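Next up, start18.cif (mmCIF, C-alpha atoms and all ligand atoms):
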data_input
#
loop_
_atom_site.label_atom_id
_atom_site.label_comp_id
_atom_site.auth_asym_id
_atom_site.auth_seq_id
_atom_site.Cartn_x
_atom_site.Cartn_y
_atom_site.Cartn_z
CA MET U 7 -1.54 -6.63 -0.11
CA ARG U 8 -0.97 -4.37 2.88
CA ILE U 9 1.84 -5.64 5.06
CA ILE U 10 4.51 -4.49 7.49
CA LEU U 11 8.03 -5.90 7.58
CA LEU U 12 9.23 -5.67 11.15
CA GLY U 13 12.78 -6.33 12.29
CA ALA U 14 16.00 -4.93 13.68
CA PRO U 15 18.22 -2.73 11.51
CA GLY U 16 20.13 -5.10 9.23
CA SER U 17 17.54 -7.88 9.34
CA GLY U 18 17.03 -7.51 5.57
CA LYS U 19 13.77 -5.56 5.55
CA GLY U 20 14.96 -3.23 2.79
CA THR U 21 16.24 -5.95 0.45
CA GLN U 22 13.28 -8.24 0.96
CA SER U 23 10.65 -5.53 0.72
CA GLN U 24 12.13 -4.41 -2.63
CA ARG U 25 11.68 -7.97 -3.86
CA LEU U 26 8.20 -8.35 -2.45
CA ALA U 27 7.22 -5.03 -4.02
CA LYS U 28 8.35 -6.28 -7.42
CA LYS U 29 6.57 -9.60 -7.08
CA TYR U 30 3.25 -8.28 -5.77
CA ARG U 31 3.36 -5.04 -7.80
CA VAL U 32 2.79 -2.75 -4.84
CA PRO U 33 5.15 0.00 -3.68
CA GLN U 34 7.75 -0.47 -0.98
CA VAL U 35 7.22 2.34 1.51
CA SER U 36 10.37 2.82 3.56
CA SER U 37 10.28 5.52 6.22
CA GLY U 38 14.10 5.55 6.21
CA ASP U 39 14.15 6.24 2.43
CA LEU U 40 11.50 8.94 2.76
CA LEU U 41 13.52 10.60 5.51
CA ARG U 42 16.83 10.34 3.62
CA ASP U 43 15.16 11.87 0.57
CA ALA U 44 13.77 14.73 2.69
CA VAL U 45 17.23 15.30 4.20
CA ALA U 46 18.91 15.27 0.76
CA ARG U 47 16.40 17.82 -0.56
CA ALA U 48 16.76 19.87 2.64
CA THR U 49 12.98 20.15 3.02
CA PRO U 50 11.74 21.63 6.34
CA LEU U 51 10.96 18.09 7.62
CA GLY U 52 14.33 16.81 6.38
CA VAL U 53 16.22 19.59 8.15
CA ARG U 54 14.43 18.73 11.42
CA ALA U 55 15.05 14.98 10.98
CA LYS U 56 18.77 15.06 10.21
CA ALA U 57 20.27 15.30 13.71
CA ALA U 58 18.25 12.36 15.08
CA MET U 59 19.14 10.23 12.06
CA ASP U 60 22.85 10.97 12.32
CA ALA U 61 22.77 9.89 15.97
CA GLY U 62 20.80 6.69 15.23
CA GLU U 63 17.85 7.96 17.29
CA LEU U 64 14.24 7.81 16.18
CA VAL U 65 13.00 10.88 14.35
CA SER U 66 9.97 12.47 16.04
CA ASP U 67 6.61 10.87 15.26
CA ASP U 68 5.04 14.00 13.74
CA ILE U 69 7.74 14.18 11.03
CA VAL U 70 7.59 10.48 10.17
CA LEU U 71 3.80 10.37 10.19
CA ALA U 72 3.56 13.40 7.90
CA LEU U 73 5.82 11.70 5.35
CA ILE U 74 4.03 8.35 5.61
CA ARG U 75 0.57 9.90 5.31
CA GLU U 76 1.60 11.78 2.19
CA ARG U 77 3.15 8.65 0.67
CA LEU U 78 0.20 6.36 1.38
CA ASN U 79 -2.14 8.90 -0.21
CA LYS U 80 -0.42 8.52 -3.58
CA ALA U 81 -2.32 6.61 -6.26
CA ASP U 82 0.10 3.68 -6.49
CA ALA U 83 -0.46 2.79 -2.80
CA ARG U 84 -4.19 2.26 -3.33
CA SER U 85 -3.76 -1.36 -4.35
CA GLY U 86 -1.46 -2.04 -1.39
CA PHE U 87 2.01 -1.43 0.03
CA ILE U 88 4.88 -2.98 1.92
CA LEU U 89 5.86 -0.91 4.91
CA ASP U 90 9.56 -1.12 5.68
CA GLY U 91 10.89 0.48 8.86
CA PHE U 92 7.51 1.87 9.84
CA PRO U 93 5.97 1.78 12.42
CA ARG U 94 8.91 1.92 14.84
CA ASN U 95 7.04 2.44 18.13
CA LEU U 96 3.59 1.89 19.63
CA ALA U 97 2.39 5.45 19.00
CA GLN U 98 3.20 5.13 15.28
CA ALA U 99 1.47 1.73 15.15
CA GLN U 100 -1.63 3.20 16.75
CA THR U 101 -1.77 6.16 14.35
CA LEU U 102 -1.22 3.87 11.38
CA SER U 103 -4.12 1.62 12.31
CA GLU U 104 -6.39 4.67 12.77
CA MET U 105 -5.28 6.07 9.43
CA LEU U 106 -6.04 2.79 7.63
CA ALA U 107 -9.31 2.23 9.51
CA GLU U 108 -10.53 5.58 8.13
CA ILE U 109 -10.22 4.26 4.58
CA GLY U 110 -11.35 0.73 5.48
CA LYS U 111 -8.05 -0.90 4.44
CA PRO U 112 -6.39 -2.38 7.52
CA ILE U 113 -3.01 -4.11 7.69
CA GLU U 114 -3.30 -7.75 6.62
CA ALA U 115 -0.07 -9.14 8.07
CA VAL U 116 3.03 -8.16 10.00
CA VAL U 117 6.15 -10.22 9.30
CA LEU U 118 8.91 -10.30 11.87
CA MET U 119 12.31 -10.82 10.23
CA ASP U 120 13.95 -12.89 12.96
CA ILE U 121 17.74 -12.80 13.18
CA ASP U 122 20.49 -13.35 15.73
CA SER U 123 21.98 -10.07 16.97
CA ALA U 124 25.57 -11.27 16.30
CA VAL U 125 24.76 -11.63 12.59
CA LEU U 126 23.30 -8.12 12.49
CA MET U 127 26.58 -6.32 13.18
CA ARG U 128 28.31 -7.99 10.21
CA ARG U 129 25.38 -7.26 7.97
CA LEU U 130 25.22 -3.60 8.96
CA THR U 131 28.94 -2.84 8.78
CA GLY U 132 29.16 -4.55 5.35
CA ARG U 133 26.09 -2.84 3.93
CA ARG U 134 26.52 -0.70 0.82
CA SER U 135 24.20 0.68 -1.84
CA CYS U 136 24.80 1.81 -5.39
CA ALA U 137 24.72 5.60 -5.65
CA ARG U 138 23.49 5.31 -9.25
CA CYS U 139 20.70 2.70 -9.15
CA GLY U 140 19.99 2.33 -5.41
CA ARG U 141 20.52 -1.42 -5.36
CA LEU U 142 21.57 -2.86 -1.99
CA PHE U 143 24.68 -5.02 -1.47
CA ASN U 144 26.82 -6.39 1.31
CA ILE U 145 30.56 -6.46 0.76
CA TYR U 146 30.81 -9.66 2.87
CA THR U 147 27.75 -11.64 1.87
CA SER U 148 26.41 -10.28 -1.44
CA PRO U 149 28.93 -8.12 -3.31
CA PRO U 150 28.05 -6.89 -6.83
CA ASP U 151 29.14 -9.18 -9.68
CA ALA U 152 28.56 -9.61 -13.42
CA SER U 153 25.05 -10.98 -12.84
CA THR U 154 23.95 -7.74 -11.17
CA PRO U 155 24.77 -4.95 -13.66
CA CYS U 156 23.94 -1.39 -12.71
CA ALA U 157 20.47 -0.44 -13.92
CA ASP U 158 21.75 3.02 -14.72
CA GLY U 159 22.92 2.47 -18.30
CA GLY U 160 25.70 -0.12 -18.12
CA HIS U 161 27.89 1.70 -15.60
CA GLN U 162 29.69 -0.10 -12.79
CA HIS U 163 27.97 0.13 -9.43
CA GLU U 164 29.22 2.99 -7.32
CA LEU U 165 29.13 1.63 -3.79
CA VAL U 166 28.49 4.02 -0.92
CA GLN U 167 28.01 3.43 2.80
CA ARG U 168 25.23 5.07 4.73
CA PRO U 169 26.54 7.66 7.20
CA ASP U 170 24.63 5.93 10.04
CA ASP U 171 26.18 2.52 9.29
CA ASN U 172 29.29 3.17 11.42
CA GLU U 173 29.82 0.97 14.47
CA GLU U 174 28.88 3.45 17.18
CA THR U 175 25.65 4.55 15.50
CA ILE U 176 24.79 0.93 14.69
CA ARG U 177 25.00 0.01 18.40
CA ASN U 178 22.74 2.90 19.26
CA ARG U 179 20.23 1.90 16.55
CA LEU U 180 20.14 -1.65 17.89
CA ASP U 181 19.50 -0.36 21.43
CA VAL U 182 16.74 1.90 20.14
CA TYR U 183 15.21 -1.09 18.34
CA THR U 184 15.20 -3.19 21.51
CA ALA U 185 13.68 -0.44 23.64
CA GLN U 186 11.12 1.09 21.26
CA THR U 187 10.42 -1.14 18.28
CA ARG U 188 10.66 -4.64 19.73
CA PRO U 189 7.47 -4.12 21.84
CA LEU U 190 5.57 -4.04 18.52
CA VAL U 191 6.14 -7.78 18.22
CA GLU U 192 3.86 -8.44 21.21
CA HIS U 193 1.46 -5.73 20.07
CA TYR U 194 0.93 -7.31 16.64
CA ARG U 195 0.88 -10.82 18.11
CA ALA U 196 -2.02 -9.70 20.31
CA CYS U 197 -3.72 -8.30 17.17
CA GLU U 198 -3.27 -11.77 15.56
CA LEU U 199 -1.36 -10.23 12.67
CA LEU U 200 2.15 -11.46 13.47
CA ARG U 201 4.04 -14.14 11.59
CA THR U 202 7.74 -14.83 12.00
CA VAL U 203 10.28 -15.64 9.30
CA ASN U 204 13.84 -16.83 9.85
CA ALA U 205 15.82 -13.97 8.25
CA GLU U 206 19.23 -15.71 8.33
CA GLY U 207 20.78 -17.28 5.23
CA GLU U 208 20.87 -16.44 1.53
CA ILE U 209 18.64 -13.66 0.22
CA ASP U 210 16.80 -16.08 -2.10
CA GLU U 211 16.16 -18.56 0.72
CA VAL U 212 14.76 -15.84 2.99
CA PHE U 213 12.59 -14.57 0.14
CA LYS U 214 11.11 -18.04 -0.37
CA ARG U 215 10.27 -18.23 3.34
CA LEU U 216 8.60 -14.83 3.08
CA GLU U 217 6.55 -15.87 0.06
CA GLN U 218 5.49 -18.98 1.94
CA SER U 219 4.47 -17.04 5.02
CA LEU U 220 2.41 -14.61 2.92
CA SER U 221 0.82 -17.20 0.65
CA ASP U 222 -2.62 -16.75 2.24
CA ILE U 223 -2.71 -12.98 1.65
CA PRO U 224 -4.84 -12.17 -1.42
CA ALA U 225 -2.17 -10.33 -3.41
CA ARG U 226 -3.66 -11.11 -6.81
CA VAL U 227 -6.95 -9.51 -5.86
CA ALA U 228 -5.20 -6.18 -5.55
CA VAL U 229 -3.50 -6.62 -8.93
CA LYS U 230 -6.73 -7.67 -10.64
CA ARG U 231 -8.55 -4.66 -9.22
CA ALA U 232 -5.87 -2.33 -10.55
CA VAL U 233 -6.18 -3.91 -14.01
CA ARG U 234 -9.95 -3.71 -13.95
CA ARG U 235 -9.78 0.00 -13.17
CA VAL U 236 -7.75 0.81 -16.30
CA ALA U 237 -9.63 -1.56 -18.63
CA PRO U 238 -12.45 0.05 -20.68
CA ARG U 239 -15.80 -0.26 -18.93
CA ARG U 240 -18.11 -2.78 -20.49
CA THR U 241 -21.58 -1.60 -21.34
CA ALA U 242 -24.61 -3.20 -19.73
CA GLY U 243 -25.41 -4.85 -23.08
CA ALA U 244 -21.96 -6.37 -23.42
CA ARG U 245 -22.13 -7.67 -19.87
CA ARG U 246 -25.48 -9.31 -20.52
CA LYS U 247 -24.24 -11.05 -23.69
CA SER U 248 -21.58 -12.90 -21.73
CA ALA U 249 -24.04 -13.88 -18.99
CA ALA U 250 -27.53 -15.36 -19.27
CA PRO U 251 -29.47 -14.99 -22.57
CA ARG U 252 -31.21 -11.64 -22.79
CA ARG U 253 -34.83 -11.53 -21.76
CA THR U 254 -37.08 -9.66 -24.15
CA LYS U 255 -39.32 -6.98 -22.70
CA SER U 256 -42.98 -7.88 -22.56
CA PRO U 257 -45.01 -5.87 -25.13
CA ARG U 258 -47.72 -5.39 -22.45
CA LYS U 259 -45.36 -3.33 -20.36
CA LYS U 260 -44.68 -0.99 -23.31
CA VAL U 261 -48.38 -0.44 -23.93
CA ARG U 262 -48.94 0.27 -20.28
CA SER U 263 -46.20 2.81 -20.13
CA ARG U 264 -47.53 4.62 -23.25
CA ALA U 265 -50.95 4.78 -21.65
CA ARG U 266 -49.43 6.25 -18.51
CA VAL U 267 -47.69 8.99 -20.51
CA ALA U 268 -50.92 9.82 -22.29
CA ALA U 269 -52.78 10.02 -19.00
CA ARG U 270 -50.25 12.46 -17.62
CA ARG U 271 -50.62 14.76 -20.67
CA ARG U 272 -54.44 14.75 -20.87
CA PRO U 273 -55.36 17.17 -18.01
CA SER U 274 -53.33 19.99 -19.53
CA ARG U 275 -55.69 20.07 -22.51
CA LYS U 276 -58.37 21.69 -20.29
CA THR U 277 -61.03 19.25 -21.18
CA THR U 278 -62.92 18.14 -18.10
CA GLY U 279 -60.87 19.22 -15.14
CA THR U 280 -60.79 15.59 -14.05
CA ARG U 281 -57.87 13.17 -14.30
CA LYS U 282 -60.23 10.26 -14.66
CA ARG U 283 -59.56 8.34 -17.88
CA GLY U 284 -62.08 6.48 -19.99
CA GLY U 285 -65.55 6.92 -21.42
CA THR U 286 -67.13 9.20 -18.79
CA ALA U 287 -64.60 11.98 -19.12
CA ARG U 288 -64.67 11.88 -22.90
CA ARG U 289 -68.49 11.84 -22.99
CA ARG U 290 -68.72 14.90 -20.70
CA THR U 291 -66.35 16.86 -22.96
CA ARG U 292 -68.54 16.08 -25.98
CA SER U 293 -71.81 17.11 -24.26
CA ARG U 294 -70.42 20.56 -23.32
CA ARG U 295 -69.40 21.43 -26.90
P1 LIG U 301 16.25 2.83 8.31
O1 LIG U 301 16.69 3.11 6.92
O2 LIG U 301 14.89 2.24 8.37
O3 LIG U 301 17.26 2.03 9.09
O4 LIG U 301 16.15 4.25 9.05
C1 LIG U 301 17.25 5.10 9.17
C2 LIG U 301 16.99 6.13 10.26
O5 LIG U 301 15.84 6.90 9.92
C3 LIG U 301 16.69 5.54 11.63
O6 LIG U 301 17.85 5.23 12.36
C4 LIG U 301 15.89 6.67 12.25
O7 LIG U 301 16.74 7.71 12.66
C5 LIG U 301 15.08 7.17 11.08
N1 LIG U 301 13.78 6.47 10.94
C6 LIG U 301 13.40 5.60 9.96
N2 LIG U 301 12.15 5.18 10.13
C7 LIG U 301 11.71 5.78 11.26
C8 LIG U 301 10.49 5.73 11.98
N3 LIG U 301 9.46 4.96 11.57
N4 LIG U 301 10.38 6.46 13.10
C9 LIG U 301 11.39 7.25 13.51
N5 LIG U 301 12.58 7.33 12.91
C10 LIG U 301 12.75 6.59 11.78
#

This structure in structure tokens:
Amino acid sequence: MRIILLGAPGSGKGTQSQRLAKKYRVPQVSSGDLLRDAVARATPLGVRAKAAMDAGELVSDDIVLALIRERLNKADARSGFILDGFPRNLAQAQTLSEMLAEIGKPIEAVVLMDIDSAVLMRRLTGRRSCARCGRLFNIYTSPPDASTPCADGGHQHELVQRPDDNEETIRNRLDVYTAQTRPLVEHYRACELLRTVNAEGEIDEVFKRLEQSLSDIPARVAVKRAVRRVAPRRTAGARRKSAAPRRTKSPRKKVRSRARVAARRRPSRKTTGTRKRGGTARRRTRSRR
């Protein structure tokens, strides 16, 4: 399964792609997460990306593409991936399709998470994540409770807000989405890859709609292939046993092949100087002795 989740900031791409990744057993590849990680580790790319991220602007394409290329080259992305937050403009979309065409694994579907812009503001200002386990919450719509214990060893969730989730930066990010990312909807519609899902409502409801919209994508094929790769290789004999009954070799063929071997050896014995087999050659040898 190779898909893109497309949508405005706050449309639920992160939450839903985490769930899809779990269900289809392919990695969620979030350009935002890759960038935040690079910033936190103060890598050269992270240092360059920080200012644009703090302002809610798009980070330059060369930085994002370098991180995405590196991530998609990892072994776990071979059986598929869910792209979340990437591509964000037409140039990134173009480079992505070239990158995937090179390895013969194009995008199979692009899902637009459709949501009213008034709902987005509430979602974004209420968004929190757990600093320990990374799980996403919303203090208005999906706060942590007893049914969602922290995966990090029985602690309570430690909720933190992203620095770019303040109101001013959120407005800027929404404007950037409209100007630069929204045109991808028409682009992928023209490529006949686009499908739209209503992203409003409960997380479970939206997830069901997503599953429905992706039901024709051969996710299991990818999983089966991954399993087959790790399973011990069956020998030709074992494969034959489970298929049609084995055909025995004709004894004639064996005789013929022995004769051929003998014929190849004979000239080296310096008998007649001829490769011709049979009575004549043998008779000549005898008459010379
Ligand atoms: P996100 O977590 O997807 O909302 O991304 C957070 C921030 O990272 C964005 O506001 C951008 O500054 C930056 N970013 C994430 N993905 C991209 C991308 N594909 N292209 C450029 N900038 C990005």

Selection within 9 Å of ligand LIG 301 (chain U) by all atoms listed in the file, output as number ranges by chain: U: 14-16, 19-20, 36-42, 55-67, 69-71, 74, 90-95, 98, 170-171, 175-176, 178-179, 182

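If you count all atoms listed in the file and ignore residues fewer than 6 places along the chain from Arg134 (chain U), what sits within 9 Å of it is Arg141, Leu142, Phe143, Asn144, Ile145, Pro149, Leu165, Val166, Gln167 and Arg168 of chain U.
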
Test item: residues at most 12 Å from Ala81 (chain U), only C-alpha atoms, excluding those fewer than 4 positions along its chain, as a ChimeraX atom specification: /U:32-33,76-77,85-87,232

Using all atoms listed in the file, the shortest atom-to-atom distance to Ala27 (chain U) among U:Leu73, U:Ala83, U:Ile88, U:Ile10 belongs to U:Ile88

Distance cut-off 10 Å, centre (-6.1, 2.9, 6.8) in file coordinates, counting only C-alpha atoms: which residues qualify? Return them as a short mmCIF file (atom, residue, chain, number, x, y, z; two decimals) with C-alpha atoms, in the coordinates of the input.
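Generated file (part-v1.cif):
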data_model
loop_
_atom_site.label_atom_id
_atom_site.label_comp_id
_atom_site.auth_asym_id
_atom_site.auth_seq_id
_atom_site.Cartn_x
_atom_site.Cartn_y
_atom_site.Cartn_z
CA ARG U 8 -0.97 -4.37 2.88
CA ARG U 75 0.57 9.90 5.31
CA LEU U 78 0.20 6.36 1.38
CA THR U 101 -1.77 6.16 14.35
CA LEU U 102 -1.22 3.87 11.38
CA SER U 103 -4.12 1.62 12.31
CA GLU U 104 -6.39 4.67 12.77
CA MET U 105 -5.28 6.07 9.43
CA LEU U 106 -6.04 2.79 7.63
CA ALA U 107 -9.31 2.23 9.51
CA GLU U 108 -10.53 5.58 8.13
CA ILE U 109 -10.22 4.26 4.58
CA GLY U 110 -11.35 0.73 5.48
CA LYS U 111 -8.05 -0.90 4.44
CA PRO U 112 -6.39 -2.38 7.52
CA ILE U 113 -3.01 -4.11 7.69
#
